[in-house]
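Report on one structure; see the data block that follows.
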Amino acid sequence: MDKTLKVLIIAMAVLVVIVPIGLLATGTAFGEWGPDELQQAVGFVPAGLQQLSDLWHPLLPDYDFPGGHETLPTQAPGYYISAIVGVLICAGVGYLVAKAIIRRTD
Amino acid sequence: MHIPDGYLGPTTFIIMYLIMIPIWLYAGYWVQKSLRSRQVPYLALAAAFSFVIMMFNVPVPGGSSGHAVGSALVAIILGPWAAVVTTSVALLIQCLLFGDGGVTAFGANCFNMGTVIPFVGYFIYKLISRTSPISSNLRIAAAAIGGYVGLSVAAGVAGFEMGIQPILEHTAAGVPLYMPYGLNVTVPAMLIEHMMFFSFVEAIVTALAFAYIARNSPEIIFDYKPENDTKASAGQGAAKA
């Protein structure tokens, strides 16, 4: 494996190790509020939004284990597992997709 | 910038899927035509990198938050079409496994973060860097500005998609069915938050990683032309000839 690839993989690993930094931001991003937050902000939940928002039930919603953790120490384990699982699956799927598409070896 | 399910009505999310289908197909074709098997690990790494960099939420005054996307960097290193593929992979996993970005809004999110950022970012980078040597400071600045402008424009586009919902989708009485805020709120909010905070993160990430790769392994960069560097070192006259 060439050196640059190795360094970039190490840099990725470092990003995973320090990923709880991302938990310091506790606010919801603009336009990503849950129905309850919208209820508070505008006083109602739009009907279509209410319907669609319940469409998909992901395995690890909000990069956390179930249980509605509110503090950084309780969120960190789920965040770590999410980062590791996500990075591995993205690399795996990315590898398979690229492998399937790319034919040139020159 | 991950639009969740429920913020875009059917008209918008179906159109965004329809726009993305030819983009995905051409991106696959371009990657097949232009990249080589030794670049496969870099594509895998790019998808993983996009995933993890988006987990670094940055708090902003007023209680909101956001993050960089990393797709301008991928566009500069592997090509904007390759960035469409790798960012779409990351967004798919985020959406399916973690509920970050909606299933219905997946097309829109792939357009905003997986298409607008790479193409705007790469265009700006090319415009500024021209034929300057690969590891020159100008080119590193070009990568930074590419990242900054790419993420900012994408934020404006995402704001536009959300802001047209009250016009497109409402009850007979005029009550919004999806995103309740109009363009006058969504576009400025998205633009200001990104241009003041998150786009700087994108710029720094893009510049740092680009500088490392350009200095150590420029041959990885998909449009790297070694002759530009030789010309530059041989003097300006040769470059103009």
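Each chain of the structure tokens is named A, B, ... in the order shown, its residues numbered from 1; ligands are numbered from 1 in display order.
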Range 16-196 of chain B: residues DSSP assigns to strand (DSSP E or B), reported as a ChimeraX atom specification: /B:58-59,65-66,170,176
What would the file look like if the residues just selected were written as a PDB file, in the first residue's frame with N, CA and C atoms?
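Generated file (out.pdb):
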ATOM      1  N   VAL B  58     -20.867  21.624  14.184  1.00  0.00           N
ATOM      2  CA  VAL B  58     -20.319  22.868  14.700  1.00  0.00           C
ATOM      3  C   VAL B  58     -21.476  23.674  15.285  1.00  0.00           C
ATOM      4  N   PRO B  59     -21.373  24.059  16.578  1.00  0.00           N
ATOM      5  CA  PRO B  59     -22.453  24.867  17.152  1.00  0.00           C
ATOM      6  C   PRO B  59     -22.375  26.307  16.654  1.00  0.00           C
ATOM      7  N   SER B  65     -26.932  24.263  14.470  1.00  0.00           N
ATOM      8  CA  SER B  65     -25.654  23.604  14.233  1.00  0.00           C
ATOM      9  C   SER B  65     -25.560  23.188  12.766  1.00  0.00           C
ATOM     10  N   GLY B  66     -24.369  22.761  12.369  1.00  0.00           N
ATOM     11  CA  GLY B  66     -24.161  22.324  10.991  1.00  0.00           C
ATOM     12  C   GLY B  66     -22.786  21.722  10.865  1.00  0.00           C
ATOM     13  N   HIS B 170     -49.899  23.298  -0.122  1.00  0.00           N
ATOM     14  CA  HIS B 170     -50.656  23.820   1.021  1.00  0.00           C
ATOM     15  C   HIS B 170     -52.103  23.354   0.926  1.00  0.00           C
ATOM     16  N   PRO B 176     -49.460  25.528   5.113  1.00  0.00           N
ATOM     17  CA  PRO B 176     -48.393  24.708   4.521  1.00  0.00           C
ATOM     18  C   PRO B 176     -48.512  23.232   4.929  1.00  0.00           C
TER      19      PRO B 176
END
Could you make a table, as JSON lines, of the residues of chain B that have an atom within 7 Å of an atom of chain A, each with its nearest atom pair and distance in Å to one decimal, counting only C-alpha atoms, in chain and number order?
{"residue": "B:Ile3", "atom": "CA", "partner": "A:Glu32", "partner_atom": "CA", "distance": 6.3}
{"residue": "B:Pro4", "atom": "CA", "partner": "A:Glu32", "partner_atom": "CA", "distance": 6.0}
{"residue": "B:Asp5", "atom": "CA", "partner": "A:Ser53", "partner_atom": "CA", "distance": 4.9}
{"residue": "B:Gly6", "atom": "CA", "partner": "A:Leu49", "partner_atom": "CA", "distance": 3.8}
{"residue": "B:Tyr7", "atom": "CA", "partner": "A:Leu49", "partner_atom": "CA", "distance": 6.0}
{"residue": "B:Gly28", "atom": "CA", "partner": "A:Ile101", "partner_atom": "CA", "distance": 6.8}
{"residue": "B:Val31", "atom": "CA", "partner": "A:Ile102", "partner_atom": "CA", "distance": 6.7}
{"residue": "B:Gln32", "atom": "CA", "partner": "A:Ile102", "partner_atom": "CA", "distance": 4.6}
{"residue": "B:Leu35", "atom": "CA", "partner": "A:Ile102", "partner_atom": "CA", "distance": 6.7}
{"residue": "B:Arg36", "atom": "CA", "partner": "A:Arg104", "partner_atom": "CA", "distance": 4.9}
{"residue": "B:Ser37", "atom": "CA", "partner": "A:Thr105", "partner_atom": "CA", "distance": 5.2}
{"residue": "B:Val40", "atom": "CA", "partner": "A:Ala98", "partner_atom": "CA", "distance": 5.6}
{"residue": "B:Pro41", "atom": "CA", "partner": "A:Tyr95", "partner_atom": "CA", "distance": 6.4}
{"residue": "B:Leu43", "atom": "CA", "partner": "A:Gly94", "partner_atom": "CA", "distance": 6.2}
{"residue": "B:Ala44", "atom": "CA", "partner": "A:Gly94", "partner_atom": "CA", "distance": 4.3}
{"residue": "B:Leu45", "atom": "CA", "partner": "A:Ala91", "partner_atom": "CA", "distance": 5.7}
{"residue": "B:Ala47", "atom": "CA", "partner": "A:Cys90", "partner_atom": "CA", "distance": 5.5}
{"residue": "B:Ala48", "atom": "CA", "partner": "A:Val87", "partner_atom": "CA", "distance": 4.6}
{"residue": "B:Phe49", "atom": "CA", "partner": "A:Met12", "partner_atom": "CA", "distance": 6.6}
{"residue": "B:Phe51", "atom": "CA", "partner": "A:Val87", "partner_atom": "CA", "distance": 6.4}
{"residue": "B:Val52", "atom": "CA", "partner": "A:Ala83", "partner_atom": "CA", "distance": 6.3}
{"residue": "B:Met55", "atom": "CA", "partner": "A:Gly22", "partner_atom": "CA", "distance": 5.7}
{"residue": "B:Phe56", "atom": "CA", "partner": "A:Gly22", "partner_atom": "CA", "distance": 3.9}
{"residue": "B:Asn57", "atom": "CA", "partner": "A:Gly22", "partner_atom": "CA", "distance": 4.4}
{"residue": "B:Val58", "atom": "CA", "partner": "A:Ala25", "partner_atom": "CA", "distance": 5.5}
{"residue": "B:Pro59", "atom": "CA", "partner": "A:Ala25", "partner_atom": "CA", "distance": 4.3}
{"residue": "B:Gly63", "atom": "CA", "partner": "A:Gly27", "partner_atom": "CA", "distance": 4.8}
{"residue": "B:Ser64", "atom": "CA", "partner": "A:Gly27", "partner_atom": "CA", "distance": 4.5}
{"residue": "B:Ser65", "atom": "CA", "partner": "A:Ala29", "partner_atom": "CA", "distance": 4.7}
{"residue": "B:Gly66", "atom": "CA", "partner": "A:Ala29", "partner_atom": "CA", "distance": 5.6}
{"residue": "B:Thr86", "atom": "CA", "partner": "A:Gly94", "partner_atom": "CA", "distance": 6.4}
{"residue": "B:Val89", "atom": "CA", "partner": "A:Gly94", "partner_atom": "CA", "distance": 6.5}
{"residue": "B:Ala90", "atom": "CA", "partner": "A:Cys90", "partner_atom": "CA", "distance": 5.8}
{"residue": "B:Ile93", "atom": "CA", "partner": "A:Cys90", "partner_atom": "CA", "distance": 6.8}
{"residue": "B:Leu96", "atom": "CA", "partner": "A:Pro58", "partner_atom": "CA", "distance": 5.8}
{"residue": "B:Leu97", "atom": "CA", "partner": "A:Pro58", "partner_atom": "CA", "distance": 5.0}
{"residue": "B:Phe98", "atom": "CA", "partner": "A:Pro61", "partner_atom": "CA", "distance": 4.5}
{"residue": "B:Gly99", "atom": "CA", "partner": "A:Pro61", "partner_atom": "CA", "distance": 5.2}
{"residue": "B:Asp100", "atom": "CA", "partner": "A:Asp62", "partner_atom": "CA", "distance": 6.6}
{"residue": "B:Pro176", "atom": "CA", "partner": "A:Pro46", "partner_atom": "CA", "distance": 6.0}
{"residue": "B:Leu177", "atom": "CA", "partner": "A:Pro46", "partner_atom": "CA", "distance": 4.7}
{"residue": "B:Tyr178", "atom": "CA", "partner": "A:Leu49", "partner_atom": "CA", "distance": 4.8}
{"residue": "B:Pro180", "atom": "CA", "partner": "A:Pro46", "partner_atom": "CA", "distance": 7.0}
{"residue": "B:Asn216", "atom": "CA", "partner": "A:Thr4", "partner_atom": "CA", "distance": 6.9}
{"residue": "B:Ser217", "atom": "CA", "partner": "A:Thr4", "partner_atom": "CA", "distance": 6.5}
Secondary structure check, helix (DSSP H, G or I) residues of chain A, as a ChimeraX atom specification: /A:3-17,19-23,35-42,47-52,61-63,72-101
CA of Tyr122 in chain B to CA of Pro22 in chain B, distance in Å rounded to a single decimal: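 CA of Tyr122 in chain B sits 19.9 Å away from CA of Pro22 in chain B.
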For CA of Leu73 in chain B and CA of Tyr17 in chain B, the interatomic separation in Å (one decimal):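 Computed distance, CA of Leu73 in chain B to CA of Tyr17 in chain B, equals 24.4 Å.
Counting from CA of Ala108 in chain B, the distance to CA of Thr87 in chain B is 12.6 Å.
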Range 184-200 of chain B surroundings by only C-alpha atoms, 10 Å radius, close-in-sequence under 6 positions cut, as an NGL selection string: (:A and (29-31)) or (:B and (1 or 57-61 or 64-69 or 144-164 or 206))
Let's have the selection written as a compact mmCIF listing (two decimals), in the first residue's frame, with N, CA and C atoms.
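What follows is the written file selection_20.txt:
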# COMPACT_ATOMS: atom_id res chain seq x y z
N ALA A 29 -29.88 21.38 13.39
CA ALA A 29 -29.58 22.16 12.19
C ALA A 29 -30.87 22.76 11.61
N PHE A 30 -30.72 23.88 10.92
CA PHE A 30 -31.89 24.54 10.30
C PHE A 30 -32.59 23.56 9.35
N GLY A 31 -33.91 23.45 9.51
CA GLY A 31 -34.69 22.61 8.60
C GLY A 31 -34.59 21.12 8.90
N MET B 1 -27.46 20.16 6.51
CA MET B 1 -28.10 20.35 5.21
C MET B 1 -28.87 19.10 4.76
N ASN B 57 -20.32 18.14 14.03
CA ASN B 57 -21.26 19.26 14.10
C ASN B 57 -20.60 20.46 14.76
N VAL B 58 -20.87 21.62 14.18
CA VAL B 58 -20.32 22.87 14.70
C VAL B 58 -21.48 23.67 15.29
N PRO B 59 -21.37 24.06 16.58
CA PRO B 59 -22.45 24.87 17.15
C PRO B 59 -22.38 26.31 16.65
N VAL B 60 -23.52 26.94 16.47
CA VAL B 60 -23.51 28.36 16.11
C VAL B 60 -24.41 29.12 17.07
N PRO B 61 -24.13 30.43 17.24
CA PRO B 61 -24.97 31.24 18.13
C PRO B 61 -26.42 31.16 17.68
N SER B 64 -28.41 26.73 16.72
CA SER B 64 -28.43 25.83 15.57
C SER B 64 -27.06 25.13 15.45
N SER B 65 -26.93 24.26 14.47
CA SER B 65 -25.65 23.60 14.23
C SER B 65 -25.56 23.19 12.77
N GLY B 66 -24.37 22.76 12.37
CA GLY B 66 -24.16 22.32 10.99
C GLY B 66 -22.79 21.72 10.87
N HIS B 67 -22.41 21.40 9.63
CA HIS B 67 -21.13 20.69 9.45
C HIS B 67 -20.62 20.84 8.02
N ALA B 68 -19.35 20.48 7.84
CA ALA B 68 -18.78 20.42 6.49
C ALA B 68 -19.24 19.12 5.83
N VAL B 69 -18.98 18.98 4.53
CA VAL B 69 -19.43 17.80 3.79
C VAL B 69 -18.24 17.04 3.19
N ALA B 144 -9.35 25.90 -1.00
CA ALA B 144 -10.09 26.43 0.14
C ALA B 144 -11.31 27.23 -0.31
N ILE B 145 -11.09 28.12 -1.29
CA ILE B 145 -12.21 28.95 -1.77
C ILE B 145 -13.25 28.09 -2.47
N GLY B 146 -12.79 27.05 -3.18
CA GLY B 146 -13.71 26.12 -3.82
C GLY B 146 -14.63 25.46 -2.79
N GLY B 147 -14.04 25.02 -1.68
CA GLY B 147 -14.82 24.40 -0.62
C GLY B 147 -15.81 25.39 -0.01
N TYR B 148 -15.32 26.61 0.23
CA TYR B 148 -16.15 27.64 0.85
C TYR B 148 -17.37 27.97 -0.03
N VAL B 149 -17.10 28.25 -1.30
CA VAL B 149 -18.19 28.66 -2.20
C VAL B 149 -19.12 27.47 -2.49
N GLY B 150 -18.52 26.28 -2.66
CA GLY B 150 -19.32 25.09 -2.95
C GLY B 150 -20.37 24.84 -1.88
N LEU B 151 -19.93 24.82 -0.62
CA LEU B 151 -20.88 24.53 0.47
C LEU B 151 -21.90 25.66 0.60
N SER B 152 -21.46 26.91 0.41
CA SER B 152 -22.38 28.04 0.55
C SER B 152 -23.48 28.01 -0.51
N VAL B 153 -23.08 27.75 -1.76
CA VAL B 153 -24.08 27.70 -2.84
C VAL B 153 -25.06 26.55 -2.59
N ALA B 154 -24.52 25.39 -2.18
CA ALA B 154 -25.39 24.24 -1.90
C ALA B 154 -26.39 24.57 -0.80
N ALA B 155 -25.95 25.31 0.22
CA ALA B 155 -26.84 25.70 1.32
C ALA B 155 -27.98 26.57 0.79
N GLY B 156 -27.64 27.49 -0.12
CA GLY B 156 -28.66 28.34 -0.73
C GLY B 156 -29.65 27.52 -1.54
N VAL B 157 -29.14 26.54 -2.27
CA VAL B 157 -30.00 25.67 -3.09
C VAL B 157 -30.94 24.86 -2.19
N ALA B 158 -30.38 24.29 -1.10
CA ALA B 158 -31.22 23.52 -0.16
C ALA B 158 -32.27 24.44 0.46
N GLY B 159 -31.88 25.67 0.80
CA GLY B 159 -32.82 26.64 1.34
C GLY B 159 -33.94 26.94 0.35
N PHE B 160 -33.58 27.03 -0.92
CA PHE B 160 -34.57 27.29 -1.97
C PHE B 160 -35.58 26.14 -2.08
N GLU B 161 -35.04 24.91 -2.10
CA GLU B 161 -35.93 23.73 -2.20
C GLU B 161 -36.93 23.70 -1.05
N MET B 162 -36.45 24.03 0.16
CA MET B 162 -37.36 24.01 1.32
C MET B 162 -38.31 25.20 1.28
N GLY B 163 -37.78 26.36 0.88
CA GLY B 163 -38.57 27.59 0.94
C GLY B 163 -39.71 27.68 -0.06
N ILE B 164 -39.64 26.89 -1.15
CA ILE B 164 -40.75 26.95 -2.13
C ILE B 164 -41.92 26.06 -1.70
N THR B 206 -10.78 21.15 3.14
CA THR B 206 -10.40 20.98 1.74
C THR B 206 -8.94 21.38 1.53
8 Å contact set for Cys95 in chain B, only C-alpha atoms, chain neighbours under 6 positions out, as a list of chain:residue names: A:Pro58, B:Gly101, B:Gly102, B:Val103, B:Phe106
Just to be explicit: take each residue in the selection above, keep C-alpha atoms, and write the result as a PDB file, in the first residue's frame.
ATOM      1  CA  PRO A  58     -33.449   3.650  11.007  1.00  0.00           C
TER       2      PRO A  58
ATOM      3  CA  GLY B 101     -31.583  12.923   5.668  1.00  0.00           C
ATOM      4  CA  GLY B 102     -34.924  11.529   4.529  1.00  0.00           C
ATOM      5  CA  VAL B 103     -35.586   8.554   2.254  1.00  0.00           C
ATOM      6  CA  PHE B 106     -32.456  11.387  -0.741  1.00  0.00           C
TER       7      PHE B 106
END
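Using only C-alpha atoms, the shortest contact distance between Ser135 in chain B and any of B:Gly62, B:Gly9, B:Pro218, B:Pro226 is found at B:Pro218.
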